[in-house]
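What follows is a short report on a single structure.
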Amino acid sequence: MARRSFVAGNWKMNKTPSESRTLALDLRARLEKYTKCDIAIFPTYLSVAVVSEVLKGSNIDVGTQNMHWEKFGAYTGAVSPQMLVDAGVRDVIVGHSERRQYFGDNDEKVNKRIFAALAHNIKPIVCVGETKDQRLANVTEDIIRTQVLGALIGITAEQMAGITIAYEPVWAIGTGLTATPAQAQDVHAFIRGLVRSLYTNEVAEALRIQYGGSVKADNAASLLSQPDIDGALVGGASLVAADFEAIVKAAK
Ligand code: PEP
């Protein structure tokens, strides 16, 4: 089955609202011709409104880097799904390794966030990936299996249509180290196989699996040409419009 590529830009804790506006305007102008690929960018919560305004009616979706699963209430510092929908958000990154490492995210919370997102028609990108020590200890597949199974507890085959999985080896995020296309392809095929065993061949074949971890203009094409790599989740390179454009261009 031909899957549409999906390239996402995670801005992390970068760009003030006015800088975000400038970057979003630049991206809108550059990316409007890339209609064969889905594109989403993920500014900080504070910049979501201004970026949504700039991108209204464009081919670029706006998402956030996290989201609480409750609708409202006494959760200081948190933002709920319905607030995000009202602000124009259509996508959310869930379980990014930096959330897991610095903010106590785990598979149970990831699972709650996925349910809440889907209930509000927000499409989650679910991040999984092993650390360097885990790869060296040869437990990559065990880690990925635990994270994927934990994230998808209770998710139905129909709900899987709204989900993207991002394989992001932790050792490759923001380090300049990239998994080789073959290393990434192996894990992507493993994830697709897991999803096949949990659901059906149809669900597995329809699932988009992004690669993330130091994707740049010069390595995007070789990664994205792998059969089970359906797009990229891009951090650092998404902050430079020309670099992000080059990655989108490399996506089929
Ligand atoms: C990310 O933030 O998800 C990421 C992959 O970052 P980078 O591209 O900078 O490694």
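Convention: chains lettered A, B, ... in structure tokens order; per-chain residue numbering from 1; ligands numbered from 1 as shown.
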* **Residues within 6 Å of ligand 1, counting only C-alpha atoms and all ligand atoms, as a PyMOL selection string** => chain A and resi 10+172-174+212-215+233-236
Save the residues we just selected, N, CA and C atoms, as an mmCIF file, in the first residue's frame?
data_model
loop_
_atom_site.group_PDB
_atom_site.id
_atom_site.type_symbol
_atom_site.label_atom_id
_atom_site.label_comp_id
_atom_site.auth_asym_id
_atom_site.auth_seq_id
_atom_site.Cartn_x
_atom_site.Cartn_y
_atom_site.Cartn_z
ATOM 1 N N ASN A 10 9.502 19.603 14.888
ATOM 2 C CA ASN A 10 9.365 19.833 16.332
ATOM 3 C C ASN A 10 10.290 20.991 16.718
ATOM 4 N N ALA A 172 20.280 9.441 18.897
ATOM 5 C CA ALA A 172 20.405 10.201 17.646
ATOM 6 C C ALA A 172 19.716 11.562 17.720
ATOM 7 N N ILE A 173 18.997 11.827 18.824
ATOM 8 C CA ILE A 173 18.233 13.079 18.891
ATOM 9 C C ILE A 173 19.127 14.224 19.334
ATOM 10 N N GLY A 174 19.267 15.203 18.453
ATOM 11 C CA GLY A 174 20.028 16.412 18.773
ATOM 12 C C GLY A 174 21.524 16.173 18.940
ATOM 13 N N GLY A 212 13.031 9.792 13.349
ATOM 14 C CA GLY A 212 13.530 11.052 13.910
ATOM 15 C C GLY A 212 14.856 10.831 14.594
ATOM 16 N N GLY A 213 15.746 11.794 14.451
ATOM 17 C CA GLY A 213 17.068 11.701 15.066
ATOM 18 C C GLY A 213 18.082 12.287 14.115
ATOM 19 N N SER A 214 18.321 13.617 14.280
ATOM 20 C CA SER A 214 19.303 14.314 13.446
ATOM 21 C C SER A 214 19.050 14.156 11.953
ATOM 22 N N VAL A 215 17.770 14.203 11.562
ATOM 23 C CA VAL A 215 17.477 14.233 10.118
ATOM 24 C C VAL A 215 17.857 15.622 9.601
ATOM 25 N N LEU A 233 10.390 13.007 11.670
ATOM 26 C CA LEU A 233 10.126 13.957 12.751
ATOM 27 C C LEU A 233 11.456 14.683 12.966
ATOM 28 N N VAL A 234 11.425 15.968 12.677
ATOM 29 C CA VAL A 234 12.660 16.741 12.579
ATOM 30 C C VAL A 234 12.730 17.757 13.708
ATOM 31 N N GLY A 235 13.843 17.782 14.428
ATOM 32 C CA GLY A 235 14.015 18.780 15.480
ATOM 33 C C GLY A 235 14.795 19.966 14.955
ATOM 34 N N GLY A 236 16.108 19.968 15.221
ATOM 35 C CA GLY A 236 16.970 21.108 14.900
ATOM 36 C C GLY A 236 16.789 21.673 13.496
#
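DSSP secondary structure from the backbone places Thr164, Ile165, Ala166, Tyr167, Arg208, Ile209, Gln210, Tyr211, Gly212 and Gly231 of chain A of segment 159-231 of chain A in strand (DSSP E).
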Create the file for the chosen residues now, containing all heavy atoms and written as an mmCIF file, in the first residue's frame.
data_model
loop_
_atom_site.group_PDB
_atom_site.id
_atom_site.type_symbol
_atom_site.label_atom_id
_atom_site.label_comp_id
_atom_site.auth_asym_id
_atom_site.auth_seq_id
_atom_site.Cartn_x
_atom_site.Cartn_y
_atom_site.Cartn_z
ATOM 1 N N THR A 164 0.215 8.123 14.142
ATOM 2 C CA THR A 164 1.522 7.951 13.502
ATOM 3 C C THR A 164 2.492 7.516 14.596
ATOM 4 O O THR A 164 2.390 7.997 15.729
ATOM 5 C CB THR A 164 2.008 9.295 12.908
ATOM 6 O OG1 THR A 164 1.085 9.704 11.892
ATOM 7 C CG2 THR A 164 3.399 9.184 12.311
ATOM 8 N N ILE A 165 3.396 6.621 14.282
ATOM 9 C CA ILE A 165 4.458 6.279 15.240
ATOM 10 C C ILE A 165 5.757 6.895 14.728
ATOM 11 O O ILE A 165 6.019 6.902 13.517
ATOM 12 C CB ILE A 165 4.586 4.751 15.408
ATOM 13 C CG1 ILE A 165 3.326 4.200 16.119
ATOM 14 C CG2 ILE A 165 5.845 4.385 16.209
ATOM 15 C CD1 ILE A 165 3.323 2.702 16.375
ATOM 16 N N ALA A 166 6.534 7.473 15.641
ATOM 17 C CA ALA A 166 7.853 7.995 15.258
ATOM 18 C C ALA A 166 8.915 7.168 15.972
ATOM 19 O O ALA A 166 8.922 7.086 17.212
ATOM 20 C CB ALA A 166 7.979 9.457 15.645
ATOM 21 N N TYR A 167 9.782 6.543 15.177
ATOM 22 C CA TYR A 167 10.935 5.861 15.776
ATOM 23 C C TYR A 167 12.045 6.876 15.924
ATOM 24 O O TYR A 167 12.553 7.407 14.923
ATOM 25 C CB TYR A 167 11.391 4.676 14.915
ATOM 26 C CG TYR A 167 12.731 4.146 15.369
ATOM 27 C CD1 TYR A 167 12.923 3.749 16.703
ATOM 28 C CD2 TYR A 167 13.820 4.062 14.503
ATOM 29 C CE1 TYR A 167 14.162 3.303 17.147
ATOM 30 C CE2 TYR A 167 15.054 3.607 14.935
ATOM 31 C CZ TYR A 167 15.218 3.233 16.263
ATOM 32 O OH TYR A 167 16.445 2.798 16.704
ATOM 33 N N ARG A 208 1.676 4.954 9.334
ATOM 34 C CA ARG A 208 2.862 5.725 8.948
ATOM 35 C C ARG A 208 3.844 5.731 10.110
ATOM 36 O O ARG A 208 3.476 6.014 11.255
ATOM 37 C CB ARG A 208 2.468 7.134 8.557
ATOM 38 C CG ARG A 208 1.654 7.108 7.263
ATOM 39 C CD ARG A 208 1.484 8.465 6.676
ATOM 40 N NE ARG A 208 0.671 9.330 7.507
ATOM 41 C CZ ARG A 208 0.225 10.504 7.108
ATOM 42 N NH1 ARG A 208 0.525 10.946 5.908
ATOM 43 N NH2 ARG A 208 -0.517 11.241 7.904
ATOM 44 N N ILE A 209 5.095 5.410 9.783
ATOM 45 C CA ILE A 209 6.147 5.388 10.795
ATOM 46 C C ILE A 209 7.222 6.379 10.369
ATOM 47 O O ILE A 209 7.883 6.209 9.339
ATOM 48 C CB ILE A 209 6.754 3.969 10.952
ATOM 49 C CG1 ILE A 209 5.656 2.922 11.176
ATOM 50 C CG2 ILE A 209 7.745 3.959 12.116
ATOM 51 C CD1 ILE A 209 6.150 1.474 11.186
ATOM 52 N N GLN A 210 7.368 7.439 11.166
ATOM 53 C CA GLN A 210 8.386 8.453 10.871
ATOM 54 C C GLN A 210 9.696 8.054 11.538
ATOM 55 O O GLN A 210 9.701 7.429 12.604
ATOM 56 C CB GLN A 210 7.971 9.812 11.445
ATOM 57 C CG GLN A 210 6.724 10.414 10.835
ATOM 58 C CD GLN A 210 6.305 11.689 11.569
ATOM 59 O OE1 GLN A 210 6.430 11.770 12.789
ATOM 60 N NE2 GLN A 210 5.781 12.650 10.843
ATOM 61 N N TYR A 211 10.796 8.505 10.931
ATOM 62 C CA TYR A 211 12.097 8.391 11.600
ATOM 63 C C TYR A 211 12.464 9.764 12.151
ATOM 64 O O TYR A 211 12.244 10.792 11.492
ATOM 65 C CB TYR A 211 13.192 7.911 10.632
ATOM 66 C CG TYR A 211 14.545 8.047 11.286
ATOM 67 C CD1 TYR A 211 14.967 7.115 12.243
ATOM 68 C CD2 TYR A 211 15.345 9.167 11.039
ATOM 69 C CE1 TYR A 211 16.169 7.290 12.906
ATOM 70 C CE2 TYR A 211 16.549 9.346 11.710
ATOM 71 C CZ TYR A 211 16.954 8.393 12.646
ATOM 72 O OH TYR A 211 18.126 8.584 13.323
ATOM 73 N N GLY A 212 13.031 9.792 13.349
ATOM 74 C CA GLY A 212 13.530 11.052 13.910
ATOM 75 C C GLY A 212 14.856 10.831 14.594
ATOM 76 O O GLY A 212 15.083 9.797 15.246
ATOM 77 N N GLY A 231 8.333 9.054 6.552
ATOM 78 C CA GLY A 231 8.423 10.481 6.822
ATOM 79 C C GLY A 231 9.431 10.716 7.926
ATOM 80 O O GLY A 231 10.146 9.790 8.341
#
* Please give the complete set of residues from segment 31-216 of chain A that DSSP, run on the backbone, assigns to alpha helix (DSSP H), formatted as a PyMOL selection string. => chain A and resi 31+45-55+81-86+97-102+107-119+132-136+140-151+157-160+181-198+201-206
Give me a file of those residues, with C-alpha atoms, as a short mmCIF file (atom, residue, chain, number, x, y, z; two decimals), in the first residue's frame.
data_model
loop_
_atom_site.label_atom_id
_atom_site.label_comp_id
_atom_site.auth_asym_id
_atom_site.auth_seq_id
_atom_site.Cartn_x
_atom_site.Cartn_y
_atom_site.Cartn_z
CA LEU A 31 6.11 24.66 1.30
CA TYR A 45 2.12 26.34 23.33
CA LEU A 46 2.72 30.09 23.50
CA SER A 47 3.22 30.37 19.75
CA VAL A 48 0.39 28.09 18.66
CA ALA A 49 -2.16 30.88 18.20
CA VAL A 50 0.07 33.07 16.07
CA VAL A 51 1.34 30.14 13.99
CA SER A 52 -2.23 28.83 13.45
CA GLU A 53 -3.28 32.25 12.26
CA VAL A 54 -0.39 32.45 9.79
CA LEU A 55 -0.98 28.91 8.47
CA PRO A 81 -7.11 18.88 24.24
CA GLN A 82 -10.16 21.09 23.87
CA MET A 83 -8.09 24.23 24.39
CA LEU A 84 -5.76 23.04 21.64
CA VAL A 85 -8.60 22.28 19.23
CA ASP A 86 -10.03 25.74 19.83
CA SER A 97 12.07 11.14 24.64
CA GLU A 98 12.73 14.59 26.15
CA ARG A 99 9.31 14.44 27.84
CA ARG A 100 10.13 10.93 29.07
CA GLN A 101 13.62 11.98 30.25
CA TYR A 102 12.90 15.36 31.88
CA ASP A 107 3.93 4.51 28.59
CA GLU A 108 0.84 4.80 30.82
CA LYS A 109 0.67 8.59 30.41
CA VAL A 110 1.39 8.24 26.70
CA ASN A 111 -1.58 5.88 26.42
CA LYS A 112 -3.86 8.39 28.22
CA ARG A 113 -2.70 11.22 25.99
CA ILE A 114 -3.38 9.14 22.85
CA PHE A 115 -6.95 8.38 23.98
CA ALA A 116 -7.60 12.04 24.83
CA ALA A 117 -6.14 13.24 21.53
CA LEU A 118 -8.20 10.83 19.44
CA ALA A 119 -11.35 11.74 21.36
CA LYS A 132 22.53 4.24 23.45
CA ASP A 133 23.09 1.83 26.36
CA GLN A 134 20.01 -0.15 25.40
CA ARG A 135 21.19 -0.43 21.79
CA LEU A 136 24.64 -1.54 22.94
CA THR A 140 16.41 -2.32 21.21
CA GLU A 141 13.55 -4.56 20.10
CA ASP A 142 12.52 -5.30 23.71
CA ILE A 143 12.37 -1.57 24.48
CA ILE A 144 10.45 -0.75 21.33
CA ARG A 145 8.03 -3.63 21.94
CA THR A 146 7.33 -2.44 25.50
CA GLN A 147 6.81 1.17 24.40
CA VAL A 148 4.58 0.32 21.43
CA LEU A 149 2.46 -2.20 23.34
CA GLY A 150 2.16 0.16 26.32
CA ALA A 151 1.15 3.10 24.15
CA ALA A 157 -8.00 -1.00 14.72
CA GLU A 158 -10.22 1.93 13.63
CA GLN A 159 -8.41 4.30 15.99
CA MET A 160 -5.04 3.24 14.55
CA PRO A 181 19.13 3.88 6.79
CA ALA A 182 19.52 0.13 7.36
CA GLN A 183 19.41 0.45 11.17
CA ALA A 184 16.32 2.62 10.97
CA GLN A 185 14.63 0.38 8.40
CA ASP A 186 15.17 -2.68 10.65
CA VAL A 187 13.38 -1.03 13.57
CA HIS A 188 10.62 0.38 11.36
CA ALA A 189 9.96 -3.09 9.93
CA PHE A 190 9.95 -4.46 13.47
CA ILE A 191 7.35 -1.86 14.55
CA ARG A 192 5.18 -2.60 11.53
CA GLY A 193 5.41 -6.31 12.32
CA LEU A 194 4.35 -5.65 15.91
CA VAL A 195 1.34 -3.66 14.75
CA ARG A 196 0.50 -6.45 12.30
CA SER A 197 0.52 -8.97 15.13
CA LEU A 198 -1.64 -6.70 17.32
CA ASN A 201 -2.07 -6.64 7.91
CA GLU A 202 -4.23 -3.80 6.60
CA VAL A 203 -3.75 -1.72 9.74
CA ALA A 204 0.01 -2.36 9.69
CA GLU A 205 0.35 -1.45 6.02
CA ALA A 206 -1.61 1.78 6.49
#
* **Long-range neighbours of Gly129 of chain A as a PyMOL selection string, 6 Å cut-off, only C-alpha atoms, 4 positions minimum in chain** => chain A and resi 167-170
With all heavy atoms kept, could you save the residues just selected as a short mmCIF file (atom, residue, chain, number, x, y, z; two decimals), in the first residue's frame?
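Below you can see part.cif, which holds the result:
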data_model
loop_
_atom_site.label_atom_id
_atom_site.label_comp_id
_atom_site.auth_asym_id
_atom_site.auth_seq_id
_atom_site.Cartn_x
_atom_site.Cartn_y
_atom_site.Cartn_z
N TYR A 167 9.78 6.54 15.18
CA TYR A 167 10.93 5.86 15.78
C TYR A 167 12.05 6.88 15.92
O TYR A 167 12.55 7.41 14.92
CB TYR A 167 11.39 4.68 14.91
CG TYR A 167 12.73 4.15 15.37
CD1 TYR A 167 12.92 3.75 16.70
CD2 TYR A 167 13.82 4.06 14.50
CE1 TYR A 167 14.16 3.30 17.15
CE2 TYR A 167 15.05 3.61 14.93
CZ TYR A 167 15.22 3.23 16.26
OH TYR A 167 16.45 2.80 16.70
N GLU A 168 12.40 7.16 17.17
CA GLU A 168 13.45 8.15 17.43
C GLU A 168 14.47 7.56 18.40
O GLU A 168 14.28 7.62 19.62
CB GLU A 168 12.83 9.39 18.08
CG GLU A 168 11.83 10.11 17.20
CD GLU A 168 11.82 11.61 17.49
OE1 GLU A 168 11.56 11.99 18.63
OE2 GLU A 168 12.12 12.37 16.58
N PRO A 169 15.54 6.98 17.86
CA PRO A 169 16.58 6.47 18.77
C PRO A 169 17.11 7.63 19.61
O PRO A 169 17.52 8.66 19.05
CB PRO A 169 17.64 5.91 17.82
CG PRO A 169 17.31 6.40 16.45
CD PRO A 169 15.88 6.83 16.44
N VAL A 170 17.07 7.48 20.93
CA VAL A 170 17.41 8.61 21.81
C VAL A 170 18.84 9.09 21.55
O VAL A 170 19.12 10.29 21.59
CB VAL A 170 17.22 8.19 23.29
CG1 VAL A 170 17.58 9.33 24.23
CG2 VAL A 170 15.77 7.76 23.53
#
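Pairwise distance (atom CA of Ile39 of chain A, atom CA of Cys127 of chain A) equals 17.0 Å.
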* Among the residues A:Thr175, A:Tyr199, A:Ile41, A:Arg21, the one that comes closest to Ala232 of chain A [using only C-alpha atoms] ->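 Answer, going by the shortest atom-to-atom distance: A:Ile41.
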* Interatomic distance (Å, one decimal) between atom CA of Asp105 of chain A and atom CA of Val139 of chain A ->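 Result for atom CA of Asp105 of chain A versus atom CA of Val139 of chain A: 20.5 Å, one decimal.
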* Mind giving me the straight-line distance from atom CA of Thr44 of chain A to atom CA of Leu27 of chain A in Å, one decimal? =>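 Answer for the atom CA of Thr44 of chain A to atom CA of Leu27 of chain A separation: 16.3 Å.
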